[in-house]
Amino acid sequence: MASRNGATRKLSFEVLGRSLSADDESDPTTERSRKKRKNRASKRKKKLLDRAQSFDPHSAPFRNGEACNGFELNASRYCAGGGKSVCAVAAAREEDREAPTAVRGGIEGVNFGELRQRNVSSASEDLAASVAHDEGGTGKEDGGVSASASASASPVEKATNEPDRNVATKLETVESLDWKRLMADDPNYVFSVDKSPVAYFLEEMHNGNSLRSTTTLGNEKEREKVYDTIFRLPWRCELLIDVGFFVCFDSFLSLLTVMPARIMMTIWRLLKTRQFKRLSTMEISDFGCFLIMSSGVVLLQRTDISLIYHMIRGQGTIKLYVVYNVLEIFDKLCQSFNGDVLQTLFLSAEGLANCPPESMRFWIWRFVSDQALAVAASIVHSFILLAQAITLSTCIVAHNNALLALLVSNNFAEIKSNVFKRYSKDNVHSLVYFDSVERFHISSFILFVLAQNILEAEGPWFESFLVNILLVYVCEMIIDIIKHSFIAKFNDIKPIAYSEFLEDLCKQTLNMQTEGAKKNLTFVPLAPACVVIRVLTPVYAANLPPNPLPWRLFWVLLFSAMTYVMLTSLKVLIGMGLQKHAYWYVNRCRRKNHHLHAD
């Protein structure tokens, strides 16, 4: 390997010598000066050849490409300066690249690094010095660079005995130079450190927007998002929640009006025919729901409301708003769980109604177990709703702003727990339905407070009751609007999505099949019905006349019939209104989609 590198170097310096001799012969000077130059060139040639033959290619500078880099840099620099000898050096390098593979193979492994990171070897130094000396001798005639110019080269190009230690220093120097050049060329990177305060303030005044460092210019999309948050989404959200509230109210009235009527018709049919036939799925489901509601009402009738009221009001460690928040959490959990339990009960009722005779026993035991689970879950939910209603009543009748503390704590905790989370479109859909159910539960609590005031309040109470109820409803409505507006903003949900939710709810009202169960409003009115019946029963009992038992029984039946007629009328009114609204809205959405597809 060493012999091949030496041969390559020898060949390069022979070409350099021939180029220098030809250059000297072509110079038009006197014979004497030409001979002197020729002798000097011969001596330099011999000296360079001797050094090339004695050069060790395996030394550290040569292995790192330092000697070669130095040689190439000096040759190119002096050739650019106009020196003829340096141009010969460049020609020698070019001829060296065109040498055969056998000669050139010795230096293929040489690493030619960047010019900024090179270290010049002693051989390249001698070559640069000799070429500079030659240029100095003929500088007056050829206009080349002088030896002093060569001596004043950049210190980065000087050779060192410790190349590895000086490479990092040279790189840091180059980086600092690049940074200073960037700072000088680009005015955006110029700091105003050396400016006076007045100059700095005047520059800030003339630099455009004063908030340019923390805000950016908006676009039409951002503008639409602002108006969606303030104007377009709130009324659509409130409309959806209100329609969901009336859907829950219609289901509640169906439980109190339609279900008793169907049960009475089934009993009348069995008594009239005097033969037992297998009940249908609808009839078995009605009997199951009636059993659940009757069990809840009986147990709640044995509950002392005044005892629970004083227990909640006398709490010193746990505040009222904390109790209400805890009960609200359990209310949502029971609402979700009871929906699944009731679906399981209806599935068992369907299996019991359609099963073959040989598997009747299995389906009876399955229905009984599901019925027991549904009764237990509904009773627990009923007690939770009753305790929540008593807590709200305690806050309303208190005189230490307990209602305001309850509203502030409950509503802002709801914002904190919902607004800053990531939601998908389906999650927001379910969240709106939860808000509709919550709105109906609050209405049942208000009915409980009204009944308690009728029974126990002294003095003028109706005006303060209306003010407190209005405050509760307004705060609930504002909090729901703020919550959904910012949920839609943070999750990039358009206001048109709430219109799509309303369309799905209208399809559910019309008993039209939707794509998924998540698009259906799930509401179990059994627990609220138990609470309302438990609350209104003492009000009816307090207004019965003190007459003998037959007369009292007459008034009980009369009040029950009047109540049933009023509830049935309200059921028909709300049900028909929902049907008409749903039919109109679904047709409107279809026409709108048809026009969009036509365009």
# chains A, B, ... in the order shown; residues from 1 in each chain; ligands from 1

call {"tool": "closest_atom_pairs", "arguments": {"of": "range 204-315 of chain A", "to": "range 473-482 of chain A", "cutoff": "7 Å", "atoms": "only C-alpha atoms", "output": "tab-separated table"}}
result
residue	atom	partner	partner_atom	distance
A:Pro234	CA	A:Ile481	CA	5.4
A:Cys237	CA	A:Ile481	CA	6.8
A:Glu238	CA	A:Ile481	CA	6.9

call {"tool": "closest_residue", "arguments": {"among": "A:Ala353, A:Ile384, A:Leu239, A:Val535", "to": "Ile329 in chain A", "atoms": "only C-alpha atoms"}}
result
A:Ile384

call {"tool": "residues_around", "arguments": {"residues": "Asp340 in chain A", "least_positions_apart": "4", "cutoff": "12 Å", "atoms": "only C-alpha atoms", "output": "list in words"}}
result
Leu333, Cys334, Gln335, Ser336, Thr344, Leu345, Phe346, Leu347, Asp370, Leu373, Ala374, Ala377, Ser378, Ala517, Thr522, Phe523 and Val524 of chain A

call {"tool": "atom_distance", "arguments": {"atom1": "CA of Ala529 in chain A", "atom2": "CA of Asn468 in chain A"}}
result
23.6 Å

call {"tool": "decode", "arguments": {"residues": "range 458-597 of chain A", "atoms": "C-alpha atoms", "output": "PDB file, in the first residue's frame"}}
result
ATOM      1  CA  GLU A 458     -96.118  29.454  57.065  1.00  0.00           C
ATOM      2  CA  GLY A 459     -96.763  32.977  55.851  1.00  0.00           C
ATOM      3  CA  PRO A 460     -96.295  34.238  52.301  1.00  0.00           C
ATOM      4  CA  TRP A 461     -93.978  31.811  50.589  1.00  0.00           C
ATOM      5  CA  PHE A 462     -95.073  31.624  46.941  1.00  0.00           C
ATOM      6  CA  GLU A 463     -93.164  34.727  45.798  1.00  0.00           C
ATOM      7  CA  SER A 464     -89.843  33.610  47.262  1.00  0.00           C
ATOM      8  CA  PHE A 465     -90.501  30.136  45.892  1.00  0.00           C
ATOM      9  CA  LEU A 466     -90.895  31.515  42.360  1.00  0.00           C
ATOM     10  CA  VAL A 467     -87.699  33.574  42.672  1.00  0.00           C
ATOM     11  CA  ASN A 468     -85.689  30.577  43.860  1.00  0.00           C
ATOM     12  CA  ILE A 469     -87.075  28.282  41.159  1.00  0.00           C
ATOM     13  CA  LEU A 470     -86.398  30.860  38.470  1.00  0.00           C
ATOM     14  CA  LEU A 471     -82.822  31.201  39.749  1.00  0.00           C
ATOM     15  CA  VAL A 472     -82.322  27.432  39.605  1.00  0.00           C
ATOM     16  CA  TYR A 473     -83.647  27.101  36.061  1.00  0.00           C
ATOM     17  CA  VAL A 474     -81.782  30.127  34.701  1.00  0.00           C
ATOM     18  CA  CYS A 475     -78.479  28.973  36.202  1.00  0.00           C
ATOM     19  CA  GLU A 476     -78.983  25.473  34.828  1.00  0.00           C
ATOM     20  CA  MET A 477     -79.776  26.806  31.363  1.00  0.00           C
ATOM     21  CA  ILE A 478     -76.778  29.198  31.304  1.00  0.00           C
ATOM     22  CA  ILE A 479     -74.372  26.538  32.524  1.00  0.00           C
ATOM     23  CA  ASP A 480     -75.559  24.038  29.916  1.00  0.00           C
ATOM     24  CA  ILE A 481     -75.130  26.607  27.149  1.00  0.00           C
ATOM     25  CA  ILE A 482     -71.631  27.587  28.283  1.00  0.00           C
ATOM     26  CA  LYS A 483     -70.610  23.962  28.697  1.00  0.00           C
ATOM     27  CA  HIS A 484     -71.753  22.836  25.258  1.00  0.00           C
ATOM     28  CA  SER A 485     -70.506  25.963  23.505  1.00  0.00           C
ATOM     29  CA  PHE A 486     -66.958  25.485  24.707  1.00  0.00           C
ATOM     30  CA  ILE A 487     -67.044  21.716  24.317  1.00  0.00           C
ATOM     31  CA  ALA A 488     -67.948  22.306  20.675  1.00  0.00           C
ATOM     32  CA  LYS A 489     -65.225  24.957  20.370  1.00  0.00           C
ATOM     33  CA  PHE A 490     -62.450  22.839  21.852  1.00  0.00           C
ATOM     34  CA  ASN A 491     -63.461  19.715  19.898  1.00  0.00           C
ATOM     35  CA  ASP A 492     -64.200  21.413  16.549  1.00  0.00           C
ATOM     36  CA  ILE A 493     -67.873  20.412  16.547  1.00  0.00           C
ATOM     37  CA  LYS A 494     -70.049  22.526  14.273  1.00  0.00           C
ATOM     38  CA  PRO A 495     -73.493  23.821  15.357  1.00  0.00           C
ATOM     39  CA  ILE A 496     -75.032  21.753  12.573  1.00  0.00           C
ATOM     40  CA  ALA A 497     -74.134  18.668  14.636  1.00  0.00           C
ATOM     41  CA  TYR A 498     -76.743  19.657  17.244  1.00  0.00           C
ATOM     42  CA  SER A 499     -79.317  19.881  14.465  1.00  0.00           C
ATOM     43  CA  GLU A 500     -78.368  16.330  13.483  1.00  0.00           C
ATOM     44  CA  PHE A 501     -78.822  15.259  17.116  1.00  0.00           C
ATOM     45  CA  LEU A 502     -82.283  16.825  17.111  1.00  0.00           C
ATOM     46  CA  GLU A 503     -83.129  14.993  13.902  1.00  0.00           C
ATOM     47  CA  ASP A 504     -82.156  11.675  15.510  1.00  0.00           C
ATOM     48  CA  LEU A 505     -84.297  12.491  18.536  1.00  0.00           C
ATOM     49  CA  CYS A 506     -87.260  13.311  16.285  1.00  0.00           C
ATOM     50  CA  LYS A 507     -86.811   9.992  14.494  1.00  0.00           C
ATOM     51  CA  GLN A 508     -86.845   8.260  17.884  1.00  0.00           C
ATOM     52  CA  THR A 509     -90.085  10.084  18.721  1.00  0.00           C
ATOM     53  CA  LEU A 510     -91.629   8.838  15.466  1.00  0.00           C
ATOM     54  CA  ASN A 511     -90.399   5.286  16.234  1.00  0.00           C
ATOM     55  CA  MET A 512     -88.133   5.356  13.198  1.00  0.00           C
ATOM     56  CA  GLN A 513     -85.097   3.114  13.292  1.00  0.00           C
ATOM     57  CA  THR A 514     -81.807   4.903  13.858  1.00  0.00           C
ATOM     58  CA  GLU A 515     -78.320   3.650  13.078  1.00  0.00           C
ATOM     59  CA  GLY A 516     -77.051   3.020  16.601  1.00  0.00           C
ATOM     60  CA  ALA A 517     -78.132   2.804  20.225  1.00  0.00           C
ATOM     61  CA  LYS A 518     -76.011   5.844  21.097  1.00  0.00           C
ATOM     62  CA  LYS A 519     -78.422   8.010  19.106  1.00  0.00           C
ATOM     63  CA  ASN A 520     -81.356   7.056  21.353  1.00  0.00           C
ATOM     64  CA  LEU A 521     -82.390   8.893  24.479  1.00  0.00           C
ATOM     65  CA  THR A 522     -82.473   6.408  27.370  1.00  0.00           C
ATOM     66  CA  PHE A 523     -84.673   7.438  30.269  1.00  0.00           C
ATOM     67  CA  VAL A 524     -86.203   5.248  32.994  1.00  0.00           C
ATOM     68  CA  PRO A 525     -89.065   7.168  34.659  1.00  0.00           C
ATOM     69  CA  LEU A 526     -89.763   4.564  37.364  1.00  0.00           C
ATOM     70  CA  ALA A 527     -87.711   6.169  40.143  1.00  0.00           C
ATOM     71  CA  PRO A 528     -88.949   9.746  39.483  1.00  0.00           C
ATOM     72  CA  ALA A 529     -92.528   8.419  39.360  1.00  0.00           C
ATOM     73  CA  CYS A 530     -92.092   6.800  42.776  1.00  0.00           C
ATOM     74  CA  VAL A 531     -90.786  10.064  44.237  1.00  0.00           C
ATOM     75  CA  VAL A 532     -93.593  12.173  42.713  1.00  0.00           C
ATOM     76  CA  ILE A 533     -96.310   9.787  43.920  1.00  0.00           C
ATOM     77  CA  ARG A 534     -94.746   9.737  47.384  1.00  0.00           C
ATOM     78  CA  VAL A 535     -94.675  13.527  47.482  1.00  0.00           C
ATOM     79  CA  LEU A 536     -98.187  14.194  46.126  1.00  0.00           C
ATOM     80  CA  THR A 537     -99.939  11.593  48.275  1.00  0.00           C
ATOM     81  CA  PRO A 538     -99.740  13.668  51.515  1.00  0.00           C
ATOM     82  CA  VAL A 539    -101.013  16.720  49.622  1.00  0.00           C
ATOM     83  CA  TYR A 540    -104.126  14.831  48.502  1.00  0.00           C
ATOM     84  CA  ALA A 541    -104.560  13.338  51.968  1.00  0.00           C
ATOM     85  CA  ALA A 542    -104.400  16.760  53.611  1.00  0.00           C
ATOM     86  CA  ASN A 543    -107.222  18.078  51.401  1.00  0.00           C
ATOM     87  CA  LEU A 544    -109.659  15.194  52.012  1.00  0.00           C
ATOM     88  CA  PRO A 545    -112.732  16.180  54.059  1.00  0.00           C
ATOM     89  CA  PRO A 546    -112.983  14.719  57.612  1.00  0.00           C
ATOM     90  CA  ASN A 547    -116.010  12.536  56.891  1.00  0.00           C
ATOM     91  CA  PRO A 548    -116.770   8.838  57.403  1.00  0.00           C
ATOM     92  CA  LEU A 549    -114.859   6.229  55.480  1.00  0.00           C
ATOM     93  CA  PRO A 550    -117.278   5.759  52.543  1.00  0.00           C
ATOM     94  CA  TRP A 551    -117.328   9.488  51.925  1.00  0.00           C
ATOM     95  CA  ARG A 552    -113.558   9.710  52.129  1.00  0.00           C
ATOM     96  CA  LEU A 553    -113.271   6.798  49.734  1.00  0.00           C
ATOM     97  CA  PHE A 554    -115.502   8.669  47.336  1.00  0.00           C
ATOM     98  CA  TRP A 555    -113.266  11.722  47.469  1.00  0.00           C
ATOM     99  CA  VAL A 556    -110.190   9.565  46.957  1.00  0.00           C
ATOM    100  CA  LEU A 557    -111.676   8.060  43.827  1.00  0.00           C
ATOM    101  CA  LEU A 558    -112.797  11.492  42.644  1.00  0.00           C
ATOM    102  CA  PHE A 559    -109.366  13.050  43.118  1.00  0.00           C
ATOM    103  CA  SER A 560    -107.730  10.070  41.450  1.00  0.00           C
ATOM    104  CA  ALA A 561    -110.054  10.298  38.460  1.00  0.00           C
ATOM    105  CA  MET A 562    -109.508  14.042  38.122  1.00  0.00           C
ATOM    106  CA  THR A 563    -105.764  13.596  38.344  1.00  0.00           C
ATOM    107  CA  TYR A 564    -105.842  10.811  35.779  1.00  0.00           C
ATOM    108  CA  VAL A 565    -107.900  12.900  33.371  1.00  0.00           C
ATOM    109  CA  MET A 566    -105.564  15.877  33.742  1.00  0.00           C
ATOM    110  CA  LEU A 567    -102.476  13.737  33.277  1.00  0.00           C
ATOM    111  CA  THR A 568    -104.023  11.982  30.275  1.00  0.00           C
ATOM    112  CA  SER A 569    -104.932  15.312  28.695  1.00  0.00           C
ATOM    113  CA  LEU A 570    -101.421  16.569  29.294  1.00  0.00           C
ATOM    114  CA  LYS A 571    -100.032  13.344  27.865  1.00  0.00           C
ATOM    115  CA  VAL A 572    -102.114  13.695  24.699  1.00  0.00           C
ATOM    116  CA  LEU A 573    -101.169  17.340  24.325  1.00  0.00           C
ATOM    117  CA  ILE A 574     -97.442  16.771  24.763  1.00  0.00           C
ATOM    118  CA  GLY A 575     -97.380  13.552  22.756  1.00  0.00           C
ATOM    119  CA  MET A 576     -99.223  15.040  19.783  1.00  0.00           C
ATOM    120  CA  GLY A 577     -97.062  18.154  19.922  1.00  0.00           C
ATOM    121  CA  LEU A 578     -93.900  16.064  19.870  1.00  0.00           C
ATOM    122  CA  GLN A 579     -95.238  13.974  17.003  1.00  0.00           C
ATOM    123  CA  LYS A 580     -96.086  17.007  14.898  1.00  0.00           C
ATOM    124  CA  HIS A 581     -92.792  18.729  15.643  1.00  0.00           C
ATOM    125  CA  ALA A 582     -90.818  15.579  14.869  1.00  0.00           C
ATOM    126  CA  TYR A 583     -92.659  15.006  11.582  1.00  0.00           C
ATOM    127  CA  TRP A 584     -92.129  18.629  10.517  1.00  0.00           C
ATOM    128  CA  TYR A 585     -88.468  18.675  11.463  1.00  0.00           C
ATOM    129  CA  VAL A 586     -87.603  15.365   9.765  1.00  0.00           C
ATOM    130  CA  ASN A 587     -89.320  16.477   6.522  1.00  0.00           C
ATOM    131  CA  ARG A 588     -87.555  19.812   6.705  1.00  0.00           C
ATOM    132  CA  CYS A 589     -84.166  18.105   7.050  1.00  0.00           C
ATOM    133  CA  ARG A 590     -84.975  15.791   4.149  1.00  0.00           C
ATOM    134  CA  ARG A 591     -85.957  18.692   1.882  1.00  0.00           C
ATOM    135  CA  LYS A 592     -82.825  20.549   2.863  1.00  0.00           C
ATOM    136  CA  ASN A 593     -80.619  17.540   2.117  1.00  0.00           C
ATOM    137  CA  HIS A 594     -82.437  17.037  -1.195  1.00  0.00           C
ATOM    138  CA  HIS A 595     -81.750  20.635  -2.231  1.00  0.00           C
ATOM    139  CA  LEU A 596     -78.102  20.304  -1.242  1.00  0.00           C
ATOM    140  CA  HIS A 597     -77.691  17.145  -3.332  1.00  0.00           C
TER     141      HIS A 597
END
